[in-house]
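Chemist: To be precise about what I am sending: the file is called my_file-v1.cif and holds mmCIF, C-alpha atoms.
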```
data_final
#
loop_
_atom_site.label_atom_id
_atom_site.label_comp_id
_atom_site.auth_asym_id
_atom_site.auth_seq_id
_atom_site.Cartn_x
_atom_site.Cartn_y
_atom_site.Cartn_z
CA MET A 1277 0.00 0.00 0.00
CA GLU A 1278 1.33 3.35 -0.88
CA ARG A 1279 1.73 6.17 1.51
CA SER A 1280 0.78 9.67 0.84
CA GLY A 1281 1.73 12.75 2.67
CA GLY A 1282 4.83 14.15 1.13
CA SER A 1283 7.36 13.79 -1.56
CA GLU A 1284 10.63 14.23 0.18
CA ARG A 1285 13.52 11.88 -0.36
CA ARG A 1286 15.46 11.18 2.77
CA GLY A 1287 18.02 8.69 3.86
CA ARG A 1288 16.96 5.29 2.66
CA ASP A 1289 18.58 2.27 1.19
CA VAL A 1290 17.45 2.17 -2.36
CA SER A 1291 17.82 -0.36 -5.06
CA ALA A 1292 19.82 0.12 -8.18
CA GLY A 1293 16.65 0.70 -10.06
CA GLN A 1294 15.70 3.45 -7.71
CA ARG A 1295 19.17 4.97 -7.96
CA ALA A 1296 18.72 5.11 -11.66
CA GLY A 1297 15.53 6.98 -11.15
CA ALA A 1298 17.05 9.16 -8.48
CA ASP A 1299 19.78 10.27 -10.84
CA ARG A 1300 17.29 12.26 -12.71
CA PRO A 1301 17.19 15.74 -11.38
CA ARG A 1302 14.36 16.83 -9.19
CA THR A 1303 14.37 20.19 -10.88
CA TYR A 1304 12.54 18.84 -13.87
CA ALA A 1305 9.26 20.12 -12.57
CA ALA A 1306 10.58 23.65 -12.78
CA GLN A 1307 11.86 23.30 -16.29
CA ALA A 1308 8.58 23.76 -18.08
CA ALA A 1309 8.56 27.07 -19.84
CA SER A 1310 6.00 29.48 -18.57
CA PRO A 1311 3.07 29.79 -20.91
CA ARG A 1312 3.17 32.82 -23.11
CA GLY A 1313 0.15 34.77 -24.18
CA LEU A 1314 -3.38 34.69 -22.95
CA ALA A 1315 -4.44 31.79 -25.13
CA GLU A 1316 -1.73 29.48 -23.81
CA ARG A 1317 -2.48 30.48 -20.23
CA VAL A 1318 -6.14 29.74 -20.77
CA LEU A 1319 -5.27 26.35 -22.25
CA VAL A 1320 -3.07 25.49 -19.26
CA THR A 1321 -5.84 26.52 -16.89
CA LEU A 1322 -8.47 24.54 -18.76
CA SER A 1323 -6.26 21.45 -18.76
CA GLY A 1324 -6.40 21.50 -14.97
CA ALA A 1325 -10.18 21.73 -14.96
CA ARG A 1326 -10.44 17.98 -15.45
CA GLN A 1327 -9.87 17.49 -11.74
CA PRO A 1328 -13.19 16.37 -10.22
CA ILE A 1329 -12.76 18.57 -7.19
CA VAL A 1330 -12.44 21.60 -9.45
CA LEU A 1331 -15.68 20.69 -11.16
CA ILE A 1332 -17.34 20.39 -7.75
CA LEU A 1333 -16.02 23.82 -6.78
CA MET A 1334 -17.41 25.21 -10.01
CA ALA A 1335 -20.80 23.69 -9.17
CA ILE A 1336 -20.62 25.28 -5.72
CA THR A 1337 -19.74 28.58 -7.37
CA PHE A 1338 -22.79 28.35 -9.59
CA MET A 1339 -25.08 27.51 -6.69
CA THR A 1340 -23.62 30.33 -4.62
CA VAL A 1341 -24.07 32.92 -7.32
CA ILE A 1342 -27.66 32.01 -8.07
CA SER A 1343 -28.36 32.01 -4.34
CA GLY A 1344 -27.61 35.71 -4.23
CA LYS A 1345 -24.06 35.61 -2.85
CA PRO A 1346 -21.96 36.79 -5.77
CA LEU A 1347 -18.98 37.68 -3.57
CA ASP A 1348 -18.74 34.15 -2.18
CA GLY A 1349 -19.16 32.85 -5.70
CA LEU A 1350 -16.36 35.06 -6.96
CA LEU A 1351 -14.13 33.84 -4.13
CA MET A 1352 -14.83 30.24 -5.03
CA LEU A 1353 -14.26 30.95 -8.69
CA VAL A 1354 -10.88 32.51 -7.96
CA VAL A 1355 -9.82 29.51 -5.88
CA ALA A 1356 -11.10 27.04 -8.47
CA THR A 1357 -9.25 28.89 -11.22
CA ALA A 1358 -6.06 28.94 -9.14
CA LEU A 1359 -6.36 25.20 -8.60
CA CYS A 1360 -6.94 24.69 -12.33
CA TRP A 1361 -3.80 26.69 -13.05
CA ASP A 1362 -1.79 24.80 -10.44
CA ALA A 1363 -2.87 21.39 -11.72
CA GLY A 1364 -2.40 22.42 -15.33
CA MET A 1365 1.11 23.76 -14.73
CA ARG A 1366 2.19 20.65 -12.86
CA ALA A 1367 0.83 18.42 -15.60
CA ARG A 1368 2.65 20.54 -18.13
CA SER A 1369 5.89 20.39 -16.15
CA ALA A 1370 5.61 16.63 -15.92
CA ALA A 1371 5.06 16.32 -19.64
CA VAL A 1372 8.02 18.58 -20.40
CA ALA A 1373 10.19 16.68 -17.94
CA ARG A 1374 9.47 13.45 -19.70
CA GLN A 1375 10.30 14.93 -23.07
CA VAL A 1376 13.52 16.41 -21.73
CA ALA A 1377 14.49 13.15 -20.08
CA LEU A 1378 13.85 11.18 -23.22
CA ALA A 1379 15.76 13.57 -25.41
CA GLY A 1380 18.64 13.88 -22.95
CA LEU A 1381 18.66 17.58 -23.57
CA SER A 1382 18.39 18.74 -19.99
CA GLY A 1383 20.77 21.51 -19.09
CA THR A 1384 20.51 21.04 -15.36
CA ALA A 1385 20.23 17.32 -15.42
CA PRO A 1386 23.16 15.03 -15.62
CA ALA A 1387 22.97 13.51 -19.04
CA VAL A 1388 22.81 9.79 -19.23
CA PRO A 1389 24.62 7.94 -17.86
CA ALA A 1390 24.68 9.59 -14.46
CA ASP A 1391 25.62 6.44 -12.60
CA PRO A 1392 29.37 5.79 -12.74
CA ALA A 1393 28.58 2.13 -13.12
CA ASP A 1394 26.81 2.84 -16.36
CA PRO A 1395 28.88 2.12 -19.43
CA PRO A 1396 29.56 4.86 -21.89
CA ALA A 1397 27.18 4.95 -24.79
CA GLU A 1398 29.77 3.89 -27.33
CA VAL A 1399 30.75 0.75 -25.44
CA GLY A 1400 27.38 -0.77 -24.77
CA GLY A 1401 26.21 -2.23 -21.56
CA PRO A 1402 25.51 -5.80 -20.67
CA ASP A 1403 21.84 -5.20 -21.16
CA GLY A 1404 22.39 -3.83 -24.57
CA THR A 1405 21.76 -0.23 -23.65
CA GLY A 1406 24.28 2.26 -24.79
CA SER A 1407 25.25 0.42 -27.91
CA ARG A 1408 24.16 2.01 -31.10
CA GLY A 1409 22.61 -0.23 -33.68
CA PRO A 1410 22.82 0.07 -37.43
CA GLY A 1411 21.20 3.24 -38.60
CA GLU A 1412 20.55 4.36 -35.05
CA THR A 1413 21.17 8.01 -34.36
CA ALA A 1414 22.62 9.44 -31.18
CA TYR A 1415 19.19 10.71 -30.30
CA SER A 1416 17.47 7.37 -30.74
CA SER A 1417 20.15 5.50 -28.82
CA ARG A 1418 19.82 7.90 -25.93
CA LYS A 1419 16.06 7.54 -26.12
CA THR A 1420 16.40 3.78 -25.94
CA MET A 1421 18.68 4.09 -22.95
CA MET A 1422 16.32 6.45 -21.18
CA ASN A 1423 13.38 4.15 -21.79
CA THR A 1424 15.38 1.25 -20.38
CA ARG A 1425 16.28 3.27 -17.34
CA PHE A 1426 12.68 4.29 -16.85
CA ASP A 1427 11.78 0.63 -16.84
CA GLN A 1428 14.58 -0.12 -14.40
CA ALA A 1429 13.43 2.66 -12.11
CA ALA A 1430 9.85 1.43 -12.22
CA GLY A 1431 11.00 -2.11 -11.53
CA GLY A 1432 13.15 -1.06 -8.61
CA LEU A 1433 10.34 0.99 -7.22
CA ALA A 1434 7.97 -1.94 -7.51
CA ASP A 1435 10.47 -4.08 -5.59
CA VAL A 1436 10.54 -1.55 -2.79
CA THR A 1437 6.78 -1.33 -2.85
CA ASN A 1438 6.34 -5.04 -2.49
CA ALA A 1439 9.03 -5.46 0.14
CA PRO A 1440 7.66 -6.35 3.57
CA GLY A 1441 7.44 -3.40 5.84
CA ALA A 1442 8.03 -0.92 3.14
CA ALA A 1443 5.17 1.17 1.94
CA SER A 1444 6.30 2.96 -1.07
CA GLY A 1445 5.11 5.54 -3.43
CA ALA A 1446 4.74 3.36 -6.46
CA SER A 1447 1.97 5.65 -7.43
CA ALA A 1448 4.65 8.12 -8.37
CA ALA A 1449 4.80 6.23 -11.62
CA SER A 1450 1.30 7.42 -12.26
CA GLY A 1451 2.09 10.83 -10.95
CA ALA A 1452 0.65 10.69 -7.47
CA SER A 1453 2.36 12.38 -4.61
CA ALA A 1454 4.15 9.65 -2.83
CA THR A 1455 5.86 9.14 0.43
CA SER A 1456 7.43 5.92 1.40
CA GLY A 1457 8.73 4.97 4.77
CA THR A 1458 9.85 1.94 6.59
CA SER A 1459 7.29 0.40 8.81
CA GLY A 1460 7.12 1.47 12.38
CA VAL A 1461 6.58 4.87 13.73
CA GLY A 1462 9.61 7.01 13.56
CA ALA A 1463 11.73 4.24 12.14
CA GLY A 1464 12.19 5.52 8.72
CA GLY A 1465 10.51 8.82 8.47
CA ALA A 1466 9.24 9.82 5.13
CA SER A 1467 11.07 8.82 2.08
CA GLY A 1468 9.50 9.69 -1.14
CA THR A 1469 10.23 10.44 -4.67
CA SER A 1470 8.85 13.06 -6.88
CA GLY A 1471 6.51 11.95 -9.55
CA VAL A 1472 9.09 12.61 -12.18
CA GLY A 1473 12.11 11.32 -10.35
CA ALA A 1474 10.74 7.92 -9.59
CA GLY A 1475 8.35 6.99 -12.22
CA GLY A 1476 8.77 9.19 -15.18
CA ALA A 1477 6.14 11.51 -16.42
CA SER A 1478 3.08 12.13 -14.40
CA GLY A 1479 -0.44 11.81 -15.57
CA ALA A 1480 -2.24 15.00 -16.14
CA GLY A 1481 -5.08 14.21 -13.87
CA ASP A 1482 -3.17 12.97 -10.88
CA VAL A 1483 -0.01 14.95 -10.59
CA ALA A 1484 2.24 14.98 -7.59
CA GLY A 1485 2.34 18.25 -5.79
CA PRO A 1486 5.41 20.11 -4.68
CA GLU A 1487 7.23 19.07 -1.60
CA PRO A 1488 5.30 19.88 1.58
CA ALA A 1489 6.25 22.90 3.59
CA TRP A 1490 6.72 20.67 6.63
CA PRO A 1491 7.31 16.99 7.30
CA PRO A 1492 3.96 15.31 7.92
CA ARG A 1493 3.39 13.58 11.21
CA THR A 1494 3.18 9.82 11.23
CA THR A 1495 1.14 9.59 14.41
CA ARG A 1496 -1.75 11.25 16.12
CA PRO A 1497 -1.16 14.76 17.47
CA PRO A 1498 0.19 14.91 21.02
CA VAL A 1499 -2.44 14.82 23.74
CA ARG A 1500 -1.48 18.32 24.79
CA ALA A 1501 -2.12 19.59 21.25
CA ILE A 1502 -5.46 17.80 21.11
CA GLY A 1503 -6.47 19.35 24.42
CA ALA A 1504 -5.45 22.81 23.29
CA GLY A 1505 -7.31 22.33 20.02
CA LEU A 1506 -10.47 21.21 21.77
CA ALA A 1507 -10.32 24.12 24.19
CA GLY A 1508 -9.65 26.59 21.42
CA SER A 1509 -12.44 25.19 19.30
CA GLY A 1510 -14.88 25.44 22.19
CA VAL A 1511 -13.95 29.04 22.91
CA PHE A 1512 -14.11 29.93 19.22
CA ALA A 1513 -17.51 28.32 18.81
CA LEU A 1514 -18.96 30.03 21.87
CA VAL A 1515 -17.57 33.43 20.96
CA VAL A 1516 -18.42 33.37 17.26
CA GLY A 1517 -21.73 31.64 17.96
CA SER A 1518 -22.72 34.46 20.30
CA PHE A 1519 -22.78 36.84 17.35
CA MET A 1520 -25.70 36.99 14.96
CA ARG A 1521 -25.41 35.16 11.69
CA TYR A 1522 -24.12 37.22 8.79
CA SER A 1523 -22.73 39.84 11.15
CA TRP A 1524 -19.24 41.23 10.65
CA PRO A 1525 -17.75 39.59 13.77
CA ALA A 1526 -19.11 36.19 12.76
CA THR A 1527 -17.86 36.74 9.23
CA ALA A 1528 -14.40 37.68 10.46
CA GLY A 1529 -14.16 34.62 12.67
CA VAL A 1530 -15.28 32.15 10.03
CA VAL A 1531 -13.24 33.73 7.25
CA GLY A 1532 -10.15 33.82 9.46
CA LEU A 1533 -10.35 30.18 10.51
CA GLY A 1534 -11.33 29.00 7.05
CA SER A 1535 -8.46 30.87 5.43
CA ALA A 1536 -5.98 29.53 7.96
CA VAL A 1537 -7.04 25.93 7.36
CA VAL A 1538 -6.91 26.35 3.58
CA LEU A 1539 -3.42 27.84 3.84
CA VAL A 1540 -2.29 24.90 5.95
CA GLY A 1541 -3.74 22.56 3.37
CA TRP A 1542 -1.91 24.41 0.60
CA GLY A 1543 1.38 23.94 2.43
CA GLY A 1544 1.02 20.19 2.49
CA PRO A 1545 -0.53 17.36 4.46
CA VAL A 1546 -0.05 17.50 8.20
CA ARG A 1547 -0.25 13.76 8.63
CA GLN A 1548 1.23 10.93 6.66
CA ARG A 1549 -1.33 8.28 5.86
CA ASP A 1550 -1.62 5.11 3.91
CA ALA A 1551 -3.41 5.97 0.72
CA PRO A 1552 -6.08 3.41 -0.09
CA PRO A 1553 -5.81 1.46 -3.31
CA ARG A 1554 -7.76 2.46 -6.36
CA PHE A 1555 -11.48 2.13 -5.71
CA SER A 1556 -13.73 -0.33 -7.45
CA ARG A 1557 -16.34 0.82 -9.93
CA THR A 1558 -19.04 -0.03 -7.39
CA GLY A 1559 -17.45 2.16 -4.76
CA VAL A 1560 -17.01 5.11 -7.08
CA THR A 1561 -20.56 4.73 -8.35
CA ALA A 1562 -22.02 4.57 -4.85
CA TRP A 1563 -20.40 7.75 -3.57
CA THR A 1564 -20.78 9.63 -6.84
CA SER A 1565 -24.48 8.77 -6.99
CA LEU A 1566 -25.00 10.12 -3.49
CA LEU A 1567 -23.14 13.30 -4.33
CA VAL A 1568 -25.07 13.86 -7.54
CA PHE A 1569 -28.40 13.03 -5.94
CA GLY A 1570 -27.74 15.44 -3.07
CA GLY A 1571 -26.73 18.23 -5.43
CA LEU A 1572 -29.74 17.76 -7.69
CA TRP A 1573 -32.16 17.50 -4.78
CA GLU A 1574 -30.84 20.70 -3.26
CA LEU A 1575 -30.99 22.40 -6.65
CA ALA A 1576 -34.58 21.25 -7.15
CA ALA A 1577 -35.54 22.64 -3.75
CA LEU A 1578 -33.75 25.88 -4.54
CA LEU A 1579 -35.52 26.28 -7.86
CA GLY A 1580 -38.83 25.43 -6.20
CA GLN A 1581 -38.64 28.55 -4.06
CA PRO A 1582 -40.78 31.52 -5.10
CA ASP A 1583 -37.60 33.51 -5.45
CA ILE A 1584 -34.02 32.38 -5.52
CA THR A 1585 -33.28 34.35 -2.35
CA THR A 1586 -36.60 33.71 -0.61
CA SER A 1587 -36.89 30.51 1.38
CA SER A 1588 -39.91 28.31 0.95
CA TYR A 1589 -41.68 26.04 3.40
CA ALA A 1590 -42.97 23.87 0.58
CA HIS A 1591 -39.51 23.38 -0.93
CA PRO A 1592 -36.99 23.78 1.88
CA THR A 1593 -33.30 23.70 1.13
CA ILE A 1594 -30.73 22.48 3.65
CA SER A 1595 -30.15 26.09 4.65
CA THR A 1596 -33.84 26.57 5.31
CA LEU A 1597 -34.07 23.39 7.34
CA THR A 1598 -31.11 24.42 9.51
CA ASP A 1599 -32.35 27.95 10.12
CA PRO A 1600 -34.18 27.04 13.37
CA LEU A 1601 -31.02 25.46 14.78
CA LEU A 1602 -28.89 28.47 13.90
CA ALA A 1603 -31.36 30.97 15.26
CA PHE A 1604 -30.00 30.89 18.81
CA PRO A 1605 -26.42 31.08 20.15
CA LEU A 1606 -26.14 27.55 21.52
CA GLY A 1607 -27.32 26.12 18.21
CA ARG A 1608 -24.79 28.24 16.34
CA ALA A 1609 -22.04 27.17 18.71
CA THR A 1610 -22.97 23.52 18.19
CA ALA A 1611 -22.92 23.95 14.43
CA LEU A 1612 -19.55 25.68 14.64
CA VAL A 1613 -18.12 22.84 16.73
CA ILE A 1614 -19.29 20.36 14.10
CA TRP A 1615 -17.81 22.54 11.34
CA ILE A 1616 -14.46 22.83 13.11
CA ALA A 1617 -14.40 19.11 13.85
CA ALA A 1618 -15.02 18.39 10.17
CA GLY A 1619 -12.17 20.70 9.20
CA TRP A 1620 -9.85 19.07 11.71
CA TRP A 1621 -10.81 15.63 10.41
CA LEU A 1622 -10.14 16.74 6.84
CA LEU A 1623 -6.76 18.24 7.73
CA GLU A 1624 -5.75 14.90 9.19
CA ARG A 1625 -6.51 13.05 5.92
CA MET B 406 -47.93 13.87 1.18
CA SER B 407 -47.03 17.53 0.90
CA SER B 408 -44.14 18.83 -1.15
CA HIS B 409 -42.47 19.86 2.10
CA ASN B 410 -42.52 16.30 3.36
CA ILE B 411 -41.32 14.98 0.03
CA THR B 412 -38.39 17.38 0.04
CA VAL B 413 -37.48 16.52 3.61
CA ALA B 414 -37.85 12.83 2.83
CA GLY B 415 -35.34 13.26 0.01
CA PHE B 416 -32.78 14.76 2.35
CA CYS B 417 -33.45 12.01 4.88
CA ALA B 418 -32.91 9.43 2.15
CA LEU B 419 -29.65 11.13 1.26
CA ALA B 420 -28.51 11.03 4.88
CA LEU B 421 -29.49 7.38 5.17
CA GLY B 422 -27.65 6.62 1.95
CA ILE B 423 -24.49 8.24 3.29
CA VAL B 424 -24.74 6.35 6.56
CA GLY B 425 -25.46 3.12 4.69
CA ALA B 426 -22.50 3.58 2.36
CA GLU B 427 -20.26 4.35 5.32
CA VAL B 428 -21.43 1.28 7.22
CA ALA B 429 -20.96 -0.83 4.11
CA GLY B 430 -17.52 0.64 3.60
CA ARG B 431 -16.45 -0.23 7.13
CA SER B 432 -17.89 -3.73 7.04
CA ALA B 433 -15.23 -4.93 4.57
CA ARG B 434 -17.82 -7.17 2.92
CA THR B 435 -18.34 -4.80 0.03
CA SER B 436 -16.02 -2.96 -2.28
CA ILE B 437 -17.47 0.40 -1.25
CA PRO B 438 -14.78 2.49 0.44
CA ALA B 439 -15.38 4.26 3.72
CA LEU B 440 -15.73 8.03 3.63
CA SER B 441 -12.35 8.46 5.31
CA GLN B 442 -10.74 6.43 2.52
CA VAL B 443 -12.50 8.51 -0.10
CA PHE B 444 -11.20 11.75 1.35
CA THR B 445 -7.73 10.35 1.97
CA ARG B 446 -7.50 9.42 -1.68
CA ILE B 447 -8.95 12.68 -2.94
CA MET B 448 -6.62 14.69 -0.75
CA ARG B 449 -3.37 13.06 -1.84
CA THR B 450 -2.77 15.83 -4.34
CA ARG B 451 -2.59 19.48 -3.50
CA THR B 452 -5.44 20.25 -5.86
CA GLY B 453 -7.65 17.73 -4.12
CA ARG B 454 -6.56 18.76 -0.65
CA VAL B 455 -7.06 22.48 -1.18
CA GLY B 456 -10.26 21.91 -3.11
CA VAL B 457 -11.83 19.88 -0.33
CA LEU B 458 -10.72 22.34 2.34
CA VAL B 459 -12.10 25.26 0.33
CA ALA B 460 -15.41 23.45 0.03
CA TRP B 461 -15.35 22.98 3.80
CA ALA B 462 -14.57 26.66 4.34
CA TRP B 463 -17.41 27.59 2.00
CA VAL B 464 -19.87 25.69 4.23
CA GLY B 465 -18.88 27.93 7.12
CA LEU B 466 -19.12 31.03 4.97
CA HIS B 467 -22.50 30.00 3.64
CA PHE B 468 -24.08 29.52 7.05
CA PHE B 469 -22.40 32.26 9.05
CA ALA B 470 -20.64 34.89 6.95
CA LYS B 471 -22.12 37.86 5.14
#
```
Can you present the structure in this file as structure tokens?
Modeler:
Amino acid sequence: MERSGGSERRGRDVSAGQRAGADRPRTYAAQAASPRGLAERVLVTLSGARQPIVLILMAITFMTVISGKPLDGLLMLVVATALCWDAGMRARSAAVARQVALAGLSGTAPAVPADPADPPAEVGGPDGTGSRGPGETAYSSRKTMMNTRFDQAAGGLADVTNAPGAASGASAASGASATSGTSGVGAGGASGTSGVGAGGASGAGDVAGPEPAWPPRTTRPPVRAIGAGLAGSGVFALVVGSFMRYSWPATAGVVGLGSAVVLVGWGGPVRQRDAPPRFSRTGVTAWTSLLVFGGLWELAALLGQPDITTSSYAHPTISTLTDPLLAFPLGRATALVIWIAAGWWLLER
Amino acid sequence: MSSHNITVAGFCALALGIVGAEVAGRSARTSIPALSQVFTRIMRTRTGRVGVLVAWAWVGLHFFAK
């Protein structure tokens, strides 16, 4: 099972196959030329819009705008566009990195062979790489060698993945952010490879992110931190819940906490977790059906109102149904506690 | 049955569906993943992580902020 939570490479005994992959520079991701012109920027942004979460954010944006909150909608649109750009640029960098690696034209990368054990291209290695066949150009021979080394890297990575006690980021071959560590808490820390360094080019739809701003924890937070978080959450909920809904103090509190959590999430995961294997079609269908049904049901209730901003008893939305709970301070505080707990739970994913 | 009751029944069915899927996901007898697994997988990438957290922040904004 792979581990997610970071993409740092730290001290770890790696196989020859992994060393071959590690020889490739980790600066590939930064080698993609910045898009020029508005059209190219738009294309890069649109290429990132294939991410399902971006589509969901766009749906939320739409619902927010038609609900009479254009400012919230604009905020969501800005974030969704930024995520599109981020995903599109990383997919583009991965694609460029693969092209550069195959062509052996990298300026910052050590050209093949980087491993001293590798034979020079003219001599030919025991596996046949490096030798130039009849009619083979320097470019094609290097391409053959790079392909062979990609395969070696993938093979070595798979060995590490399958080794007992080693959870590895084999998903890096498909572009996922990967962190591998030896089993046991604190025994090996996080050892990961970038999507490019370990497995070659990343897929456009599942691209590894940059290295996290901090090393993710491998265990639960300390008890003292949990206690402080619970106390802080309780105080926050009571204070913010004492203010009326849609007031400036309540807005400031919610915006401040929400922004802080999003910034933490942007920096990287706070906890290293085993990423589950790819889901079955049944599992994806089940959760997607629930999500779609919920969205359509809420939309139907919203459109059933006499006015888009006027709630209706006959067609109540979730907001309308929760209004009685949020009408008094204790109810608001309870809702805030649930909201904070959900955010905490998500941060720990 | 009034339209109010039908609408509320739909939301109740949605809640029951979520609970049912979660229970099925934790029972290990089905191939349906638990909600925690779904979010762990979605949030492996920065796009997924930030997207989910923004959606969470939006819930707070929607119910409490101007």
Chemist: Once you count all atoms listed in the file, what closest atom pair and distance in Å to one decimal does each residue of chain B within 9 Å of range 1550-1565 of chain A have, with rows by chain and rising residue number, as CSV?
Modeler:
```
residue,atom,partner,partner_atom,distance
B:Ile423,CA,A:Trp1563,CA,8.0
B:Ala426,CA,A:Ala1562,CA,7.3
B:Gly430,CA,A:Gly1559,CA,8.5
B:Thr435,CA,A:Gly1559,CA,8.5
B:Ser436,CA,A:Gly1559,CA,5.9
B:Ile437,CA,A:Gly1559,CA,3.9
B:Pro438,CA,A:Gly1559,CA,5.9
B:Ala439,CA,A:Gly1559,CA,9.0
B:Leu440,CA,A:Trp1563,CA,8.6
B:Gln442,CA,A:Pro1552,CA,6.1
B:Val443,CA,A:Pro1552,CA,8.2
B:Thr445,CA,A:Ala1551,CA,6.3
B:Arg446,CA,A:Ala1551,CA,5.9
B:Arg449,CA,A:Ala1551,CA,7.5
```
Chemist: Find the residue from A:Met1339, A:Ala1576, A:Leu1322, A:Val1530 that sits nearest to Trp461 in chain B; use all atoms listed in the file when measuring.
Modeler: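 Checking each of A:Met1339, A:Ala1576, A:Leu1322, A:Val1530 against Trp461 in chain B, counting all atoms listed in the file, the winner is A:Val1530.
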Chemist: So how many Å separate CA of Arg1547 in chain A and CA of Gly1534 in chain A, to one decimal?
Modeler: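 CA of Arg1547 in chain A sits 18.9 Å away from CA of Gly1534 in chain A.
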Chemist: Could you jot down the CA of Glu1624 in chain A to CA of Arg1549 in chain A separation for me, Å, one decimal place?
Modeler: 8.6 Å
Chemist: On this structure, which residues satisfy the PyMOL selection byres ((chain B) within 8 of (chain A)), written as a ChimeraX atom specification?
Modeler: /B:407-409,412-413,415-416,419,422-423,426,436-438,441-442,444-446,448-463,465-466,468-471
Chemist: Which distance in Å separates CA of Leu1514 in chain A and CA of Ala1603 in chain A, to one decimal?
Modeler: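 Atom-to-atom, CA of Leu1514 in chain A to CA of Ala1603 in chain A, that is 14.1 Å.
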Chemist: Find the axis-aligned box for range 408-420 of chain B, covering all its listed atoms and adding 5 Å on each side, and write its centre and edge lengths in Å to one decimal as lines of an AutoDock Vina configuration file.
Modeler:
```
center_x = -36.3
center_y = 14.6
center_z = 1.9
size_x = 25.6
size_y = 20.4
size_z = 16.0
```
Chemist: Using the chain letters and numbers from the file, which residues does the PyMOL selection byres ((chain A and resi 1583-1586) around 7) grab, as a list in words?
Modeler: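 This file gives the following for the PyMOL selection byres ((chain A and resi 1583-1586) around 7): Ile1342, Ser1343, Gly1344, Leu1578, Leu1579, Gln1581, Pro1582, Ser1587 and Ser1588 of chain A.
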